[in-house]
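Shown next: data-v1.cif, containing mmCIF, C-alpha atoms.
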```
data_structure
#
loop_
_atom_site.group_PDB
_atom_site.id
_atom_site.type_symbol
_atom_site.label_atom_id
_atom_site.label_comp_id
_atom_site.auth_asym_id
_atom_site.auth_seq_id
_atom_site.Cartn_x
_atom_site.Cartn_y
_atom_site.Cartn_z
ATOM 1 C CA MET A 1 -91.300 -18.448 15.697
ATOM 2 C CA GLU A 2 -88.508 -17.926 18.248
ATOM 3 C CA THR A 3 -84.904 -19.091 18.038
ATOM 4 C CA ILE A 4 -83.979 -20.792 21.308
ATOM 5 C CA ARG A 5 -80.356 -21.625 22.103
ATOM 6 C CA ILE A 6 -79.902 -25.199 23.303
ATOM 7 C CA THR A 7 -77.597 -25.293 26.322
ATOM 8 C CA GLU A 8 -76.652 -27.541 29.236
ATOM 9 C CA ASP A 9 -79.409 -25.843 31.227
ATOM 10 C CA ASN A 10 -82.249 -26.804 28.876
ATOM 11 C CA ILE A 11 -81.007 -29.855 26.935
ATOM 12 C CA ASP A 12 -83.194 -32.172 29.036
ATOM 13 C CA GLU A 13 -86.252 -30.484 27.514
ATOM 14 C CA TYR A 14 -85.277 -31.892 24.110
ATOM 15 C CA GLU A 15 -84.738 -35.538 25.071
ATOM 16 C CA ASP A 16 -87.761 -36.633 22.991
ATOM 17 C CA VAL A 17 -86.565 -34.682 19.943
ATOM 18 C CA ILE A 18 -82.769 -34.881 19.799
ATOM 19 C CA ASP A 19 -80.873 -38.158 19.625
ATOM 20 C CA ALA A 20 -79.024 -38.874 22.881
ATOM 21 C CA ASP A 21 -75.663 -39.180 21.109
ATOM 22 C CA ALA A 22 -76.055 -35.692 19.658
ATOM 23 C CA ALA A 23 -77.466 -34.238 22.855
ATOM 24 C CA GLU A 24 -74.550 -35.353 25.040
ATOM 25 C CA ASN A 25 -72.247 -32.978 23.140
ATOM 26 C CA ILE A 26 -74.133 -29.880 24.243
ATOM 27 C CA GLY A 27 -71.910 -28.119 26.758
ATOM 28 C CA ARG A 28 -68.669 -29.084 25.047
ATOM 29 C CA GLU A 29 -66.379 -26.215 24.112
ATOM 30 C CA TYR A 30 -67.168 -25.824 20.413
ATOM 31 C CA PHE A 31 -70.666 -27.286 20.091
ATOM 32 C CA ARG A 32 -73.721 -25.092 19.634
ATOM 33 C CA GLY A 33 -77.418 -25.817 19.242
ATOM 34 C CA ILE A 34 -80.609 -23.968 18.324
ATOM 35 C CA ALA A 35 -84.306 -24.817 18.234
ATOM 36 C CA MET A 36 -87.212 -23.140 16.462
ATOM 37 C CA GLN A 37 -90.271 -22.831 18.748
ATOM 38 C CA LYS A 38 -93.408 -20.722 18.996
ATOM 39 C CA ASP A 39 -92.235 -19.850 22.504
ATOM 40 C CA GLU A 40 -90.009 -21.326 25.204
ATOM 41 C CA ASP A 41 -92.790 -23.576 26.515
ATOM 42 C CA SER A 42 -93.892 -25.054 23.167
ATOM 43 C CA GLU A 43 -92.670 -28.164 21.354
ATOM 44 C CA PRO A 44 -89.690 -27.520 19.041
ATOM 45 C CA GLU A 45 -90.517 -27.450 15.344
ATOM 46 C CA ALA A 46 -86.882 -27.848 14.240
ATOM 47 C CA THR A 47 -83.499 -28.397 15.909
ATOM 48 C CA LEU A 48 -79.888 -28.090 14.806
ATOM 49 C CA ILE A 49 -76.563 -28.902 16.503
ATOM 50 C CA TRP A 50 -73.165 -28.092 15.051
ATOM 51 C CA GLU A 51 -69.487 -28.003 16.010
ATOM 52 C CA TYR A 52 -66.995 -25.300 15.095
ATOM 53 C CA LYS A 53 -63.653 -26.560 13.822
ATOM 54 C CA ASN A 54 -60.410 -24.558 13.778
ATOM 55 C CA LEU A 55 -62.173 -21.793 15.711
ATOM 56 C CA GLU A 56 -58.997 -20.825 17.560
ATOM 57 C CA GLU A 57 -56.528 -21.848 14.858
ATOM 58 C CA ASP A 58 -54.881 -19.847 12.077
ATOM 59 C CA THR A 59 -56.762 -21.802 9.403
ATOM 60 C CA ASP A 60 -60.327 -21.136 8.205
ATOM 61 C CA THR A 61 -63.144 -21.852 10.628
ATOM 62 C CA VAL A 62 -65.634 -24.447 9.401
ATOM 63 C CA ALA A 63 -68.784 -25.856 10.974
ATOM 64 C CA GLU A 64 -69.922 -29.476 11.002
ATOM 65 C CA ILE A 65 -73.644 -30.024 11.477
ATOM 66 C CA THR A 66 -74.019 -33.107 13.664
ATOM 67 C CA TRP A 67 -77.806 -33.114 14.124
ATOM 68 C CA CYS A 68 -80.768 -31.725 12.200
ATOM 69 C CA SER A 69 -84.505 -32.250 12.574
ATOM 70 C CA VAL A 70 -87.133 -30.332 10.595
ATOM 71 C CA LYS A 71 -90.914 -30.808 10.729
ATOM 72 C CA ASN A 72 -91.710 -28.793 7.596
ATOM 73 C CA GLN A 73 -89.872 -26.825 4.951
ATOM 74 C CA LYS A 74 -91.031 -23.388 6.086
ATOM 75 C CA ILE A 75 -89.629 -24.013 9.563
ATOM 76 C CA GLY A 76 -86.519 -25.470 7.955
ATOM 77 C CA LYS A 77 -85.878 -22.178 6.162
ATOM 78 C CA GLU A 78 -86.208 -20.259 9.438
ATOM 79 C CA LEU A 79 -83.874 -22.738 11.141
ATOM 80 C CA PHE A 80 -81.128 -22.331 8.553
ATOM 81 C CA ASP A 81 -81.567 -18.558 8.464
ATOM 82 C CA ALA A 82 -80.937 -18.527 12.219
ATOM 83 C CA TYR A 83 -77.973 -20.892 11.808
ATOM 84 C CA THR A 84 -76.446 -18.665 9.110
ATOM 85 C CA ALA A 85 -76.709 -15.630 11.371
ATOM 86 C CA GLU A 86 -75.032 -17.548 14.207
ATOM 87 C CA ILE A 87 -72.027 -18.798 12.243
ATOM 88 C CA GLU A 88 -71.365 -15.395 10.653
ATOM 89 C CA ASP A 89 -70.175 -14.165 14.041
ATOM 90 C CA CYS A 90 -67.357 -16.719 13.908
ATOM 91 C CA GLU A 91 -66.379 -15.913 10.304
ATOM 92 C CA THR A 92 -67.173 -19.470 9.223
ATOM 93 C CA THR A 93 -66.106 -20.201 5.647
ATOM 94 C CA ARG A 94 -67.764 -23.585 5.078
ATOM 95 C CA SER A 95 -70.488 -25.765 6.583
ATOM 96 C CA PHE A 96 -70.776 -29.508 6.032
ATOM 97 C CA TYR A 97 -72.706 -32.469 7.355
ATOM 98 C CA GLU A 98 -72.761 -36.256 7.269
ATOM 99 C CA LEU A 99 -75.889 -37.650 8.890
ATOM 100 C CA ALA A 100 -77.196 -41.195 9.243
ATOM 101 C CA SER A 101 -80.404 -40.409 7.361
ATOM 102 C CA ASP A 102 -81.834 -40.759 3.871
ATOM 103 C CA SER A 103 -84.926 -38.680 4.616
ATOM 104 C CA ASP A 104 -86.254 -36.884 1.534
ATOM 105 C CA SER A 105 -87.639 -34.054 3.673
ATOM 106 C CA LEU A 106 -84.276 -33.518 5.371
ATOM 107 C CA LYS A 107 -82.526 -33.592 2.005
ATOM 108 C CA LYS A 108 -84.941 -30.957 0.715
ATOM 109 C CA ALA A 109 -84.353 -28.774 3.794
ATOM 110 C CA PHE A 110 -80.603 -28.810 3.163
ATOM 111 C CA THR A 111 -80.826 -28.157 -0.569
ATOM 112 C CA SER A 112 -83.322 -25.324 -0.010
ATOM 113 C CA ALA A 113 -80.729 -23.747 2.286
ATOM 114 C CA GLY A 114 -78.046 -23.889 -0.399
ATOM 115 C CA PHE A 115 -76.303 -27.102 0.627
ATOM 116 C CA SER A 116 -75.371 -29.938 -1.666
ATOM 117 C CA ALA A 117 -76.952 -33.249 -0.672
ATOM 118 C CA GLU A 118 -76.236 -36.823 -1.683
ATOM 119 C CA VAL A 119 -76.729 -40.295 -0.260
ATOM 120 C CA LYS A 120 -73.367 -42.072 -0.186
ATOM 121 C CA GLU A 121 -71.002 -44.275 1.803
ATOM 122 C CA GLY A 122 -70.014 -42.474 4.985
ATOM 123 C CA ARG A 123 -66.668 -42.133 6.704
ATOM 124 C CA ASP A 124 -67.688 -44.315 9.697
ATOM 125 C CA VAL A 125 -67.030 -48.049 9.560
ATOM 126 C CA VAL A 126 -68.942 -50.028 12.181
ATOM 127 C CA ILE A 127 -67.694 -53.379 13.444
ATOM 128 C CA THR A 128 -68.479 -55.417 16.543
ATOM 129 C CA VAL A 129 -66.394 -56.405 19.543
ATOM 130 C CA GLY A 130 -66.726 -59.973 18.261
ATOM 131 C CA GLU A 131 -65.051 -58.934 15.016
ATOM 132 C CA LEU A 132 -62.326 -57.191 16.995
ATOM 133 C CA ALA A 133 -61.597 -60.462 18.771
ATOM 134 C CA GLU A 134 -60.881 -62.112 15.408
ATOM 135 C CA CYS A 135 -58.535 -59.359 14.231
ATOM 136 C CA PHE A 136 -55.011 -60.641 13.562
ATOM 137 C CA ILE A 137 -53.411 -57.759 15.433
ATOM 138 C CA ALA A 138 -54.929 -58.836 18.771
ATOM 139 C CA LYS A 139 -53.109 -62.144 19.087
ATOM 140 C CA LYS A 140 -49.684 -61.126 20.388
ATOM 141 C CA LYS A 141 -48.130 -59.863 23.632
ATOM 142 C CA ILE A 142 -48.269 -56.282 24.884
ATOM 143 C CA PRO A 143 -45.315 -54.621 26.667
ATOM 144 C CA PRO A 144 -45.844 -53.380 30.240
ATOM 145 C CA TYR A 145 -45.369 -49.721 29.311
ATOM 146 C CA ILE A 146 -48.758 -49.793 27.527
ATOM 147 C CA THR A 147 -51.333 -49.163 30.269
ATOM 148 C CA GLY A 148 -54.953 -48.168 30.674
ATOM 149 C CA ILE A 149 -55.464 -44.465 31.279
ATOM 150 C CA GLY A 150 -57.226 -45.374 34.517
ATOM 151 C CA GLU A 151 -53.752 -46.019 35.947
ATOM 152 C CA LEU A 152 -52.678 -42.435 35.326
ATOM 153 C CA MET A 153 -52.902 -39.545 37.736
ATOM 154 C CA VAL A 154 -54.938 -36.660 36.365
ATOM 155 C CA ARG A 155 -51.779 -34.549 36.191
ATOM 156 C CA GLN A 156 -50.046 -37.192 34.034
ATOM 157 C CA PHE A 157 -53.053 -37.449 31.748
ATOM 158 C CA ARG A 158 -53.253 -33.672 31.261
ATOM 159 C CA LYS A 159 -49.533 -33.372 30.509
ATOM 160 C CA GLY A 160 -49.782 -36.160 27.957
ATOM 161 C CA ILE A 161 -52.753 -34.491 26.246
ATOM 162 C CA THR A 162 -50.948 -31.143 26.201
ATOM 163 C CA ASN A 163 -47.974 -32.832 24.554
ATOM 164 C CA CYS A 164 -50.184 -34.277 21.800
ATOM 165 C CA VAL A 165 -51.902 -30.938 21.162
ATOM 166 C CA PHE A 166 -48.476 -29.241 21.042
ATOM 167 C CA HIS A 167 -47.602 -31.605 18.177
ATOM 168 C CA GLY A 168 -50.773 -30.611 16.332
ATOM 169 C CA ARG A 169 -52.760 -33.784 16.987
ATOM 170 C CA LYS A 170 -56.385 -33.778 18.152
ATOM 171 C CA GLY A 171 -57.893 -36.790 16.399
ATOM 172 C CA LEU A 172 -61.662 -36.336 16.166
ATOM 173 C CA LEU A 173 -61.711 -33.923 19.092
ATOM 174 C CA GLU A 174 -61.552 -30.177 18.570
ATOM 175 C CA ASP A 175 -61.784 -29.829 22.352
ATOM 176 C CA LEU A 176 -59.274 -32.548 23.240
ATOM 177 C CA GLU A 177 -57.500 -30.392 25.806
ATOM 178 C CA PHE A 178 -60.777 -29.539 27.585
ATOM 179 C CA LEU A 179 -62.251 -33.022 28.003
ATOM 180 C CA PRO A 180 -61.798 -34.768 31.366
ATOM 181 C CA MET A 181 -60.387 -38.261 31.688
ATOM 182 C CA SER A 182 -63.900 -39.438 32.599
ATOM 183 C CA TRP A 183 -65.079 -38.675 29.043
ATOM 184 C CA TYR A 184 -63.320 -41.876 27.959
ATOM 185 C CA ASP A 185 -63.653 -45.523 28.887
ATOM 186 C CA GLU A 186 -60.697 -45.656 31.253
ATOM 187 C CA ASP A 187 -60.275 -49.435 30.893
ATOM 188 C CA VAL A 188 -60.245 -49.670 27.096
ATOM 189 C CA SER A 189 -58.466 -46.346 26.486
ATOM 190 C CA CYS A 190 -54.709 -46.679 26.878
ATOM 191 C CA CYS A 191 -51.408 -44.849 26.646
ATOM 192 C CA VAL A 192 -47.658 -45.184 26.124
ATOM 193 C CA GLN A 193 -45.563 -44.463 29.222
ATOM 194 C CA THR A 194 -41.809 -44.076 28.828
ATOM 195 C CA ASP A 195 -39.407 -42.574 31.348
ATOM 196 C CA GLY A 196 -42.295 -41.319 33.461
ATOM 197 C CA LYS A 197 -43.921 -39.449 30.559
ATOM 198 C CA VAL A 198 -47.031 -40.180 28.523
ATOM 199 C CA ASN A 199 -46.042 -40.199 24.851
ATOM 200 C CA GLY A 200 -49.178 -41.448 23.141
ATOM 201 C CA PHE A 201 -52.860 -42.283 23.556
ATOM 202 C CA LEU A 202 -55.617 -44.406 22.142
ATOM 203 C CA LEU A 203 -58.810 -42.858 23.523
ATOM 204 C CA VAL A 204 -62.236 -44.501 23.322
ATOM 205 C CA ASN A 205 -65.526 -42.855 24.237
ATOM 206 C CA LYS A 206 -68.683 -44.815 25.039
ATOM 207 C CA ARG A 207 -71.642 -43.049 23.456
ATOM 208 C CA ALA A 208 -75.045 -42.693 25.063
ATOM 209 C CA ASN A 209 -76.354 -45.481 22.810
ATOM 210 C CA GLY A 210 -73.610 -47.876 23.941
ATOM 211 C CA ASP A 211 -71.407 -47.613 20.828
ATOM 212 C CA LEU A 212 -67.652 -47.410 21.376
ATOM 213 C CA VAL A 213 -65.959 -44.671 19.324
ATOM 214 C CA VAL A 214 -62.224 -44.352 18.770
ATOM 215 C CA ASP A 215 -61.716 -40.619 19.296
ATOM 216 C CA PHE A 216 -57.950 -40.318 19.260
ATOM 217 C CA LEU A 217 -54.866 -42.337 18.270
ATOM 218 C CA PHE A 218 -51.371 -40.902 18.290
ATOM 219 C CA ALA A 219 -47.888 -41.802 19.507
ATOM 220 C CA LEU A 220 -44.719 -39.726 19.551
ATOM 221 C CA GLU A 221 -41.385 -40.859 18.208
ATOM 222 C CA PRO A 222 -39.298 -42.857 18.798
ATOM 223 C CA ASP A 223 -41.050 -46.156 17.971
ATOM 224 C CA ALA A 224 -44.350 -44.445 17.182
ATOM 225 C CA ARG A 225 -45.451 -47.046 14.644
ATOM 226 C CA VAL A 226 -44.891 -50.059 16.867
ATOM 227 C CA ASN A 227 -46.443 -48.307 19.881
ATOM 228 C CA LEU A 228 -49.576 -47.539 17.872
ATOM 229 C CA ILE A 229 -49.899 -51.262 17.175
ATOM 230 C CA TYR A 230 -49.378 -52.108 20.843
ATOM 231 C CA MET A 231 -52.074 -49.648 21.904
ATOM 232 C CA ILE A 232 -54.527 -51.007 19.338
ATOM 233 C CA ARG A 233 -53.818 -54.525 20.610
ATOM 234 C CA TYR A 234 -54.332 -53.435 24.212
ATOM 235 C CA ALA A 235 -57.626 -51.675 23.463
ATOM 236 C CA ILE A 236 -58.962 -54.633 21.477
ATOM 237 C CA ASN A 237 -58.184 -57.090 24.255
ATOM 238 C CA MET A 238 -59.751 -54.882 26.929
ATOM 239 C CA ALA A 239 -62.876 -54.286 24.837
ATOM 240 C CA VAL A 240 -63.268 -58.032 24.245
ATOM 241 C CA GLU A 241 -62.886 -58.657 27.976
ATOM 242 C CA LYS A 242 -65.315 -55.923 29.051
ATOM 243 C CA TYR A 243 -68.112 -55.783 26.456
ATOM 244 C CA PRO A 244 -70.548 -58.250 24.816
ATOM 245 C CA GLU A 245 -69.456 -59.408 21.384
ATOM 246 C CA ASP A 246 -72.352 -57.612 19.660
ATOM 247 C CA THR A 247 -71.248 -54.184 21.009
ATOM 248 C CA ARG A 248 -70.758 -51.780 18.104
ATOM 249 C CA VAL A 249 -67.387 -50.097 17.564
ATOM 250 C CA VAL A 250 -67.218 -46.986 15.356
ATOM 251 C CA LEU A 251 -64.030 -46.309 13.402
ATOM 252 C CA ARG A 252 -64.044 -42.920 11.671
ATOM 253 C CA ARG A 253 -61.869 -42.649 8.576
ATOM 254 C CA HIS A 254 -61.201 -38.934 8.966
ATOM 255 C CA ASN A 255 -57.859 -38.855 7.146
ATOM 256 C CA GLU A 256 -55.738 -41.016 4.853
ATOM 257 C CA MET A 257 -53.832 -42.609 7.726
ATOM 258 C CA THR A 258 -56.969 -43.828 9.487
ATOM 259 C CA ARG A 259 -58.523 -44.910 6.180
ATOM 260 C CA ALA A 260 -55.469 -47.046 5.404
ATOM 261 C CA LEU A 261 -55.394 -48.457 8.931
ATOM 262 C CA VAL A 262 -59.058 -49.488 8.882
ATOM 263 C CA GLU A 263 -58.608 -51.096 5.458
ATOM 264 C CA LYS A 264 -55.616 -53.077 6.715
ATOM 265 C CA LEU A 265 -57.332 -54.281 9.884
ATOM 266 C CA PHE A 266 -60.753 -54.911 8.344
ATOM 267 C CA PRO A 267 -60.310 -55.299 4.571
ATOM 268 C CA GLY A 268 -63.437 -54.831 2.500
ATOM 269 C CA LYS A 269 -65.474 -53.202 5.282
ATOM 270 C CA LYS A 270 -67.709 -50.444 3.961
ATOM 271 C CA GLY A 271 -68.960 -47.310 5.674
ATOM 272 C CA GLU A 272 -72.590 -46.813 6.654
ATOM 273 C CA THR A 273 -74.960 -45.041 4.262
ATOM 274 C CA VAL A 274 -75.319 -41.333 5.027
ATOM 275 C CA LEU A 275 -76.815 -38.103 3.728
ATOM 276 C CA ALA A 276 -73.921 -35.695 3.180
ATOM 277 C CA GLY A 277 -73.245 -32.272 1.729
ATOM 278 C CA GLU A 278 -71.685 -28.861 2.213
ATOM 279 C CA ARG A 279 -72.135 -25.140 1.607
ATOM 280 C CA ARG A 280 -69.659 -22.328 1.171
ATOM 281 C CA GLU A 281 -70.293 -19.437 3.528
ATOM 282 C CA ASP A 282 -69.872 -15.790 2.524
#
```
As a first step, turn the structure in this file into structure tokens.
Amino acid sequence: METIRITEDNIDEYEDVIDADAAENIGREYFRGIAMQKDEDSEPEATLIWEYKNLEEDTDTVAEITWCSVKNQKIGKELFDAYTAEIEDCETTRSFYELASDSDSLKKAFTSAGFSAEVKEGRDVVITVGELAECFIAKKKIPPYITGIGELMVRQFRKGITNCVFHGRKGLLEDLEFLPMSWYDEDVSCCVQTDGKVNGFLLVNKRANGDLVVDFLFALEPDARVNLIYMIRYAINMAVEKYPEDTRVVLRRHNEMTRALVEKLFPGKKGETVLAGERRED
């Protein structure tokens, strides 16, 4: 069995095996993928995609597995052996995953590789554009300095992103500074413009499956709190105007601030059921 690296050059060969939402990340700065095959021309027996986090930071490097498919346990062992060898080169200290699956075979593949595994409520809350329209925060006026990012010049956009990264903010995006403006929905995504500078963003990506995902939300002082509310209001109104009411919107509760915000906007909403676990790396 050969270990084949999944890259931009060959990702199309895996369209029947890898979910489109996972596949579209191949080629991004910190994403990697491998497949186990008898040879380069055979069908893959197992596939794995992961993202390095903190790879170029002073803190420990960790890896998040974002996709895993295993046909049988023997191949699963070979897959994770290859994965372990790959992440050792980056001095990874921990691996973790949170996948929308309750497959017993996938759970067994992870536990056999030394991961914990449990079915639980995930970090992602899914609502619809119709539910956004009913949100109390959407009902008031928006000041003119909140604009869609489509109104920015590329130079303005890049300077604004650099400013956010300088302040240690990346949202869900390890590669925030590398992604082009076209990665986002330029109508729904918005920014704060004051004195000719961009001082905050709400960035929304449209996934391959049509889901809208809030990737980034941050505003600089002064008036950061109120500008965050204005940007949320702007994005909600644009999403309601542009998309059908049954369009799914994914809100990831990746820290305490976002968890509190989602609870305030959509009280009682629960996350989707996932298979999750982790493993310490030597």
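The shortest atom-to-atom distance to Leu265 of chain A, with all atoms listed in the file taken into account, belongs to A:Ala138 out of A:Ala138, A:Asp19, A:Lys242, A:Glu186.
Comparing the minimum interatomic distances between Met153 of chain A and each of A:Lys74, A:His167, A:Lys140, A:Lys197, counting all atoms listed in the file, we find that A:Lys197 sits nearest.
For the set A:Leu152, A:Ala20, A:Val213, A:Leu203, the residue with the smallest atom-to-atom gap to Arg253 of chain A is A:Val213, counting only C-alpha atoms.
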Practice problem: Give me, please, the distance in Å between atom CA of Arg252 of chain A and atom CA of Ser189 of chain A, quoted to one decimal. | Solution: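 That distance, rounded to one decimal, is 16.2 Å.
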Quiz prompt | Long-range neighbours of segment 33-40 of chain A as a ChimeraX atom specification, 6 Å cut-off, all atoms listed in the file, 5 positions minimum in chain | solution = /A:1-6,45-49
Self-check item: Nearest to Ser42 of chain A, chosen from A:Glu91, A:Glu57, A:Asp187, A:Glu13, with only C-alpha atoms counted in the distances
Solution: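 For Ser42 of chain A, the nearest of the given residues is A:Glu13.
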Exercise. Check which residues satisfy the PyMOL selection byres ((chain A and resi 125) around 9) in the file shown, then give them as a list of chain:residue names.
Key: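 Selected by the PyMOL selection byres ((chain A and resi 125) around 9) in this file: A:Gly122, A:Arg123, A:Asp124, A:Val126, A:Ile127, A:Val249, A:Val250, A:Leu251, A:Arg252, A:Arg253, A:Val262, A:Lys269, A:Lys270, A:Gly271, A:Glu272.
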Self-check item: Proximity to Ile142 of chain A - best of A:Cys191, A:Leu261, A:Cys90, A:Val70, all atoms listed in the file
Solution: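 The shortest atom-to-atom distance to Ile142 of chain A comes from A:Cys191.
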Quiz prompt | Residue IDs satisfying the PyMOL selection byres ((chain A and resi 149) around 12), as a PyMOL selection string | solution = chain A and resi 145-148+150-158+160-161+180-193+198+200-204+231+234-235
Self-check item: Best match for closeness to Ala208 of chain A among A:Ser105, A:Val17, A:Arg248, A:Ala22, counting all atoms listed in the file
Solution: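 Using all atoms listed in the file, Ala208 of chain A sits closest to A:Ala22.
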Practice problem: Just the residues within 10 Å of Glu8 of chain A, please, counting only C-alpha atoms, with nothing from its chain fewer than 4 positions along; format it as a count of residues only. | Solution: 7
Self-check item: Residues in the PyMOL selection byres ((chain A and resi 176) around 10), expressed as a list in words
Solution: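 This file gives the following for the PyMOL selection byres ((chain A and resi 176) around 10): Glu29, Ile161, Thr162, Cys164, Val165, Arg169, Lys170, Gly171, Leu172, Leu173, Glu174, Asp175, Glu177, Phe178, Leu179, Pro180, Asp215 and Phe216 of chain A.
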Residues proximal to (-75.1, -42.7, 1.0) were defined as those with any atom within 8 Å of that point in the file's coordinates, counting all atoms listed in the file. Which are they, as a PDB file with C-alpha atoms, in the coordinates of the input?
```
ATOM      1  CA  ASP A 102     -81.834 -40.759   3.871  1.00  0.00           C
ATOM      2  CA  GLU A 118     -76.236 -36.823  -1.683  1.00  0.00           C
ATOM      3  CA  VAL A 119     -76.729 -40.295  -0.260  1.00  0.00           C
ATOM      4  CA  LYS A 120     -73.367 -42.072  -0.186  1.00  0.00           C
ATOM      5  CA  GLU A 121     -71.002 -44.275   1.803  1.00  0.00           C
ATOM      6  CA  GLY A 122     -70.014 -42.474   4.985  1.00  0.00           C
ATOM      7  CA  GLU A 272     -72.590 -46.813   6.654  1.00  0.00           C
ATOM      8  CA  THR A 273     -74.960 -45.041   4.262  1.00  0.00           C
ATOM      9  CA  VAL A 274     -75.319 -41.333   5.027  1.00  0.00           C
ATOM     10  CA  LEU A 275     -76.815 -38.103   3.728  1.00  0.00           C
ATOM     11  CA  ALA A 276     -73.921 -35.695   3.180  1.00  0.00           C
TER      12      ALA A 276
END
```
Quiz prompt | Between atom CA of Thr66 of chain A and atom CA of Glu98 of chain A, distance in Å (one decimal) | solution = 7.2 Å
Practice problem: Could you please determine the separation between atom CA of Ala109 of chain A and atom CA of Gln73 of chain A in Å, to one decimal place? | Solution: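 Separation between atom CA of Ala109 of chain A and atom CA of Gln73 of chain A: 6.0 Å.
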